[in-house]
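In what follows, a structure is listed as structure tokens, so that the remarks can point back to it.
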There are 2 protein chains.
Amino acid sequence: MAKFMDVHTSMTGVSAEDLKAAHQADLDIQGEEGVDFQQAWADPTTGHVFCLSEAPNAEAVRRIHERTGHPADQIHEITITV
Amino acid sequence: MAKFMDVHTSMTGVSAEDLKAAHQADLDIQGEEGVDFQQAWADPTTGHVFCLSEAPNAEAVRRIHERTGHPADQIHEITITV
């Protein structure tokens with residue numbers, strides 16, 4: 001398993017309820033791709049949402065977010081954590 | 001205190017040692033601005049580094065990173081965490 005930080009850059013104005021629902025939609029199907037979404041952080045003013053996950057590869061993360069209707073704009077593989 | 005995710009986008013090739021040293025430099029002076037850097041995640045391939053912190057405001061985060069020689073390219077105030 002590898003670690004990923006994916007970034008959404010166009011979620012301006014997202015509410016806590018919206019983000020919870022989007023995150024829950026990911027959690028509901030993540031097992032089908034072996035993904036484990038761990039946390040999500042949002043800045044509704046800049047529209048940026050950051051999602052930390054463990055997954056077999058970036059494609060698995062991309063597919064889950066696409067299937068739940070909020071594709072990631074960037075997916076970074078995290079190889080250093082301090 | 002508020003929560004921030006700052007992003008560095010030009011740290012391609014950063015090593016674990018470099019990131020640890022950069023993070024430690026922030027920790028050494030963060031108290032002067034009331035900042036608490038909690039975690040940093042790096043993707044040396046894309047050059048992106050994500051730093052999560054608690055701080056009085058974004059300016060305090062900006063100043064610490066500038067003083068230690070690695071200014072942030074973006075600073076997002078996190079108001080929703082799921």
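Labels used: A, B, ... for chains in the order of the structure tokens, numbers from 1 for residues in each chain, and numbers from 1 for ligands as shown.
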Exercise. When the cut-off is 6 Å and we count only C-alpha atoms, which residues of chain B are near chain A, given as a PyMOL selection string?
Worked result: chain B and resi 16+39-43+76-82
For this session: Based on DSSP run over this structure's backbone, return all residues of chain A in alpha helix (DSSP H), as a list of chain:residue names.
Result: A:Ala16, A:Glu17, A:Asp18, A:Leu19, A:Lys20, A:Ala21, A:Ala22, A:His23, A:Gln24, A:Ala25, A:Asp26, A:Leu27, A:Asp28, A:Ile29, A:Ala58, A:Glu59, A:Ala60, A:Val61, A:Arg62, A:Arg63, A:Ile64, A:His65, A:Glu66, A:Arg67
For this session: Could you please write out, as number ranges by chain, every residue of chain A that DSSP assigns to strand (DSSP E or B)?
Result: A: 2-8, 36-43, 48-55, 74-78, 80-81
For this session: Considering only C-alpha atoms, return as a list in words whatever protein or nucleic-acid residues lie within 12 Å of B:Ile64, sequence-local ones (same chain, fewer than 5 positions apart) excluded.
Result: Asp6, Ala22, His23, Gln24, Ala25, Asp26, Leu27, Asp28, Ile29, Gln30, Gly31, Glu32, Glu33, Gly34, Val35, Asp36, Phe37, Ser53, Ala55, Asn57, Ala58, Glu59, Gly69, His70, Pro71 and Ala72 of chain B
